[in-house]
>>> print(open('run_24.csv').read())   # CSV, C-alpha atoms
chain,number,residue,atom,x,y,z
M,1,MET,CA,-44.2,185.2,277.7
M,2,PRO,CA,-45.9,182.2,276.1
M,3,ARG,CA,-48.6,183.0,273.4
M,4,ILE,CA,-51.8,181.1,273.5
M,5,ALA,CA,-54.1,180.9,270.5
M,6,PHE,CA,-57.4,179.1,269.7
M,7,THR,CA,-58.7,177.9,266.4
M,8,PRO,CA,-61.4,180.0,264.7
M,9,ASN,CA,-64.0,177.3,265.3
M,10,LEU,CA,-63.5,177.6,269.1
M,11,GLN,CA,-63.7,181.4,268.9
M,12,ARG,CA,-67.2,181.1,267.4
M,13,HIS,CA,-68.4,179.4,270.5
M,14,VAL,CA,-66.6,181.2,273.3
M,15,ALA,CA,-64.5,184.4,273.6
M,16,CYS,CA,-60.8,183.3,273.4
M,17,PRO,CA,-58.7,185.8,271.4
M,18,PRO,CA,-55.0,185.0,271.0
M,19,THR,CA,-53.2,186.3,274.1
M,20,THR,CA,-49.8,186.5,275.6
M,21,VAL,CA,-49.9,185.0,279.1
M,22,THR,CA,-47.6,184.1,282.0
M,23,GLY,CA,-47.0,180.5,283.2
M,24,ALA,CA,-44.5,177.7,283.2
M,25,THR,CA,-46.9,174.9,282.3
M,26,VAL,CA,-49.9,174.5,280.1
M,27,ARG,CA,-52.2,174.6,283.1
M,28,GLU,CA,-50.8,177.8,284.4
M,29,ALA,CA,-51.1,179.4,280.9
M,30,LEU,CA,-54.7,178.3,280.6
M,31,ALA,CA,-55.5,179.5,284.1
M,32,ARG,CA,-54.4,183.0,283.1
M,33,MET,CA,-56.9,182.8,280.1
M,34,PHE,CA,-59.7,181.6,282.4
M,35,VAL,CA,-59.4,184.8,284.6
M,36,GLU,CA,-60.2,187.0,281.6
M,37,HIS,CA,-62.5,184.4,279.9
M,38,PRO,CA,-64.2,182.3,282.5
M,39,ARG,CA,-66.6,180.5,280.1
M,40,LEU,CA,-63.6,179.0,278.4
M,41,GLU,CA,-62.7,176.9,281.4
M,42,GLY,CA,-65.9,174.8,281.2
M,43,TYR,CA,-65.5,174.4,277.5
M,44,LEU,CA,-61.9,173.1,277.7
M,45,LEU,CA,-61.8,171.2,281.0
M,46,ASP,CA,-64.1,168.6,282.6
M,47,ASP,CA,-65.4,168.7,286.2
M,48,GLU,CA,-62.1,167.2,287.4
M,49,GLY,CA,-59.9,169.8,285.7
M,50,ARG,CA,-58.7,167.4,282.9
M,51,LEU,CA,-58.7,168.4,279.2
M,52,ARG,CA,-61.9,167.3,277.6
M,53,LYS,CA,-61.7,164.4,275.2
M,54,HIS,CA,-62.7,166.5,272.2
M,55,MET,CA,-60.0,169.1,272.9
M,56,VAL,CA,-56.2,169.0,272.1
M,57,VAL,CA,-53.4,171.3,273.0
M,58,PHE,CA,-50.1,171.7,271.1
M,59,VAL,CA,-47.0,173.3,272.6
M,60,ASP,CA,-44.5,174.5,270.0
M,61,GLY,CA,-46.1,172.2,267.4
M,62,ALA,CA,-46.1,169.0,269.6
M,63,PRO,CA,-49.2,167.6,271.3
M,64,ALA,CA,-49.3,168.1,275.0
M,65,ARG,CA,-48.6,164.8,276.7
M,66,ASP,CA,-50.3,165.3,280.1
M,67,ARG,CA,-54.0,165.7,279.4
M,68,ASP,CA,-55.0,165.2,283.0
M,69,GLY,CA,-52.6,167.5,284.9
M,70,LEU,CA,-51.6,169.7,282.0
M,71,THR,CA,-48.1,169.8,283.4
M,72,ASP,CA,-46.3,170.1,280.1
M,73,PRO,CA,-43.7,172.9,280.4
M,74,VAL,CA,-43.9,176.1,278.3
M,75,ALA,CA,-41.0,178.5,277.7
M,76,GLU,CA,-41.1,182.2,277.5
M,77,SER,CA,-41.2,181.9,273.7
M,78,SER,CA,-43.6,179.0,273.5
M,79,GLN,CA,-46.6,179.0,271.2
M,80,ILE,CA,-49.6,177.1,272.6
M,81,LEU,CA,-52.4,176.2,270.3
M,82,VAL,CA,-55.8,174.9,271.5
M,83,MET,CA,-58.2,173.2,269.1
M,84,GLN,CA,-61.0,170.7,268.9
M,85,ALA,CA,-60.0,167.2,268.2
M,86,LEU,CA,-61.6,165.5,265.2
M,87,SER,CA,-62.8,161.9,265.3
M,88,GLY,CA,-64.8,159.7,263.1
M,89,GLY,CA,-64.2,157.4,260.2
>>> encode(input="run_24.csv", output="structure tokens")
Amino acid sequence: MPRIAFTPNLQRHVACPPTTVTGATVREALARMFVEHPRLEGYLLDDEGRLRKHMVVFVDGAPARDRDGLTDPVAESSQILVMQALSGG
């Protein structure tokens, strides 16, 4: 099953321990996390269910391409990392 992890700075704001989940896409994997940690959904997704601009998801080391539908596939052995995006100059 895919493993989903969150950077420590996210864990300070909302409960999101590393977890093994089921799911064939990023959205499905995140949905499993939201069942156990409902506050996490509002922190990661906007009102239309899209990934918030200040968040980024990596699947097996590569950035997720679909920020709106979160349809990037995940394999049974995938590692999903969720982190806050940095911006500025």
>>> closest_residue(input="run_24.csv", among="M:Ile4, M:Leu10, M:Leu45, M:Val74", to="M:Arg32", atoms="all atoms listed in the file")
M:Ile4
>>> atom_distance(input="run_24.csv", atom1="atom CA of M:Tyr43", atom2="atom CA of M:Asp66")
17.9 Å
>>> closest_residue(input="run_24.csv", among="M:Asp47, M:Gln11, M:Leu70, M:Ala64", to="M:Ala31", atoms="only C-alpha atoms")
M:Leu70
>>> atom_distance(input="run_24.csv", atom1="atom CA of M:Gln79", atom2="atom CA of M:Glu28")
13.9 Å
>>> atom_distance(input="run_24.csv", atom1="atom CA of M:Ser77", atom2="atom CA of M:Pro2")
5.3 Å
>>> residues_around(input="run_24.csv", residues="M:Pro73", least_positions_apart="3", cutoff="9 Å", atoms="all atoms listed in the file", output="list in words")
Gly23, Ala24, Thr25, Val26, Val59 and Leu70 of chain M
>>> closest_residue(input="run_24.csv", among="M:Asp46, M:Leu81, M:Pro63, M:Asp68", to="M:Thr19", atoms="only C-alpha atoms")
M:Leu81
>>> closest_residue(input="run_24.csv", among="M:Glu36, M:Thr7, M:Ala15, M:Ile80", to="M:Phe58", atoms="only C-alpha atoms")
M:Ile80
>>> closest_residue(input="run_24.csv", among="M:Gly42, M:Val57, M:Arg65, M:His37", to="M:Phe6", atoms="all atoms listed in the file")
M:Val57
>>> closest_residue(input="run_24.csv", among="M:Thr22, M:Asn9, M:Gln84, M:Thr71", to="M:Arg50", atoms="only C-alpha atoms")
M:Thr71
>>> residues_near_point(input="run_24.csv", point="(-59.5, 176.5, 278.6)", cutoff="9 Å", atoms="all atoms listed in the file", output="list in words")
Cys16, Arg27, Leu30, Ala31, Met33, Phe34, His37, Pro38, Arg39, Leu40, Glu41, Gly42, Tyr43, Leu44, Leu45, Leu51 and Val82 of chain M
>>> build_atoms(input="run_24.csv", residues="stretch 40-65 of chain M", atoms="N, CA, C and O atoms", output="mmCIF file, in the coordinates of the input")
data_model
loop_
_atom_site.group_PDB
_atom_site.id
_atom_site.type_symbol
_atom_site.label_atom_id
_atom_site.label_comp_id
_atom_site.auth_asym_id
_atom_site.auth_seq_id
_atom_site.Cartn_x
_atom_site.Cartn_y
_atom_site.Cartn_z
ATOM 1 N N LEU M 40 -64.511 179.896 279.075
ATOM 2 C CA LEU M 40 -63.600 179.000 278.400
ATOM 3 C C LEU M 40 -63.189 177.812 279.207
ATOM 4 O O LEU M 40 -63.033 176.717 278.668
ATOM 5 N N GLU M 41 -63.089 177.970 280.507
ATOM 6 C CA GLU M 41 -62.700 176.900 281.400
ATOM 7 C C GLU M 41 -63.624 175.666 281.255
ATOM 8 O O GLU M 41 -63.192 174.527 281.076
ATOM 9 N N GLY M 42 -64.914 175.899 281.343
ATOM 10 C CA GLY M 42 -65.900 174.800 281.200
ATOM 11 C C GLY M 42 -65.927 174.185 279.858
ATOM 12 O O GLY M 42 -66.311 173.026 279.712
ATOM 13 N N TYR M 43 -65.525 174.934 278.870
ATOM 14 C CA TYR M 43 -65.500 174.400 277.500
ATOM 15 C C TYR M 43 -64.307 173.502 277.271
ATOM 16 O O TYR M 43 -64.396 172.512 276.562
ATOM 17 N N LEU M 44 -63.166 173.845 277.903
ATOM 18 C CA LEU M 44 -61.900 173.100 277.700
ATOM 19 C C LEU M 44 -61.706 171.963 278.682
ATOM 20 O O LEU M 44 -61.152 170.928 278.336
ATOM 21 N N LEU M 45 -62.115 172.181 279.937
ATOM 22 C CA LEU M 45 -61.800 171.200 281.000
ATOM 23 C C LEU M 45 -63.078 170.571 281.530
ATOM 24 O O LEU M 45 -64.138 171.202 281.596
ATOM 25 N N ASP M 46 -62.946 169.315 281.964
ATOM 26 C CA ASP M 46 -64.100 168.600 282.600
ATOM 27 C C ASP M 46 -64.201 169.006 284.045
ATOM 28 O O ASP M 46 -63.437 169.842 284.542
ATOM 29 N N ASP M 47 -65.128 168.370 284.757
ATOM 30 C CA ASP M 47 -65.400 168.700 286.200
ATOM 31 C C ASP M 47 -64.196 168.373 287.079
ATOM 32 O O ASP M 47 -64.136 168.864 288.205
ATOM 33 N N GLU M 48 -63.277 167.553 286.622
ATOM 34 C CA GLU M 48 -62.100 167.200 287.400
ATOM 35 C C GLU M 48 -60.864 167.969 286.979
ATOM 36 O O GLU M 48 -59.759 167.670 287.421
ATOM 37 N N GLY M 49 -61.037 168.948 286.095
ATOM 38 C CA GLY M 49 -59.900 169.800 285.700
ATOM 39 C C GLY M 49 -59.058 169.188 284.583
ATOM 40 O O GLY M 49 -57.992 169.712 284.278
ATOM 41 N N ARG M 50 -59.490 168.078 283.987
ATOM 42 C CA ARG M 50 -58.700 167.400 282.900
ATOM 43 C C ARG M 50 -59.217 168.000 281.553
ATOM 44 O O ARG M 50 -60.368 168.418 281.413
ATOM 45 N N LEU M 51 -58.333 167.962 280.589
ATOM 46 C CA LEU M 51 -58.700 168.400 279.200
ATOM 47 C C LEU M 51 -59.782 167.486 278.696
ATOM 48 O O LEU M 51 -59.683 166.259 278.784
ATOM 49 N N ARG M 52 -60.836 168.080 278.174
ATOM 50 C CA ARG M 52 -61.900 167.300 277.600
ATOM 51 C C ARG M 52 -61.439 166.443 276.457
ATOM 52 O O ARG M 52 -60.518 166.816 275.753
ATOM 53 N N LYS M 53 -62.109 165.318 276.238
ATOM 54 C CA LYS M 53 -61.700 164.400 275.200
ATOM 55 C C LYS M 53 -61.720 165.003 273.796
ATOM 56 O O LYS M 53 -60.944 164.628 272.938
ATOM 57 N N HIS M 54 -62.604 165.948 273.571
ATOM 58 C CA HIS M 54 -62.700 166.500 272.200
ATOM 59 C C HIS M 54 -61.793 167.745 272.030
ATOM 60 O O HIS M 54 -61.895 168.439 271.037
ATOM 61 N N MET M 55 -60.882 167.988 272.988
ATOM 62 C CA MET M 55 -60.000 169.100 272.900
ATOM 63 C C MET M 55 -58.520 168.568 272.772
ATOM 64 O O MET M 55 -58.210 167.484 273.268
ATOM 65 N N VAL M 56 -57.654 169.348 272.147
ATOM 66 C CA VAL M 56 -56.200 169.000 272.100
ATOM 67 C C VAL M 56 -55.412 170.281 272.175
ATOM 68 O O VAL M 56 -55.846 171.341 271.727
ATOM 69 N N VAL M 57 -54.267 170.161 272.825
ATOM 70 C CA VAL M 57 -53.400 171.300 273.000
ATOM 71 C C VAL M 57 -52.013 170.946 272.419
ATOM 72 O O VAL M 57 -51.490 169.854 272.646
ATOM 73 N N PHE M 58 -51.459 171.868 271.668
ATOM 74 C CA PHE M 58 -50.100 171.700 271.100
ATOM 75 C C PHE M 58 -49.221 172.792 271.733
ATOM 76 O O PHE M 58 -49.637 173.937 271.881
ATOM 77 N N VAL M 59 -48.007 172.386 272.085
ATOM 78 C CA VAL M 59 -47.000 173.300 272.600
ATOM 79 C C VAL M 59 -45.832 173.274 271.613
ATOM 80 O O VAL M 59 -45.218 172.218 271.420
ATOM 81 N N ASP M 60 -45.584 174.386 270.971
ATOM 82 C CA ASP M 60 -44.500 174.500 270.000
ATOM 83 C C ASP M 60 -44.609 173.384 268.923
ATOM 84 O O ASP M 60 -43.622 172.759 268.533
ATOM 85 N N GLY M 61 -45.834 173.110 268.502
ATOM 86 C CA GLY M 61 -46.100 172.200 267.400
ATOM 87 C C GLY M 61 -46.212 170.714 267.832
ATOM 88 O O GLY M 61 -46.531 169.865 267.005
ATOM 89 N N ALA M 62 -45.979 170.389 269.087
ATOM 90 C CA ALA M 62 -46.100 169.000 269.600
ATOM 91 C C ALA M 62 -47.286 168.865 270.493
ATOM 92 O O ALA M 62 -47.547 169.757 271.302
ATOM 93 N N PRO M 63 -48.023 167.757 270.387
ATOM 94 C CA PRO M 63 -49.200 167.600 271.300
ATOM 95 C C PRO M 63 -48.753 167.516 272.738
ATOM 96 O O PRO M 63 -47.732 166.909 273.065
ATOM 97 N N ALA M 64 -49.547 168.163 273.592
ATOM 98 C CA ALA M 64 -49.300 168.100 275.000
ATOM 99 C C ALA M 64 -49.458 166.630 275.464
ATOM 100 O O ALA M 64 -50.378 165.943 275.036
ATOM 101 N N ARG M 65 -48.566 166.163 276.298
ATOM 102 C CA ARG M 65 -48.600 164.800 276.700
ATOM 103 C C ARG M 65 -49.509 164.536 277.925
ATOM 104 O O ARG M 65 -50.127 163.491 278.037
#
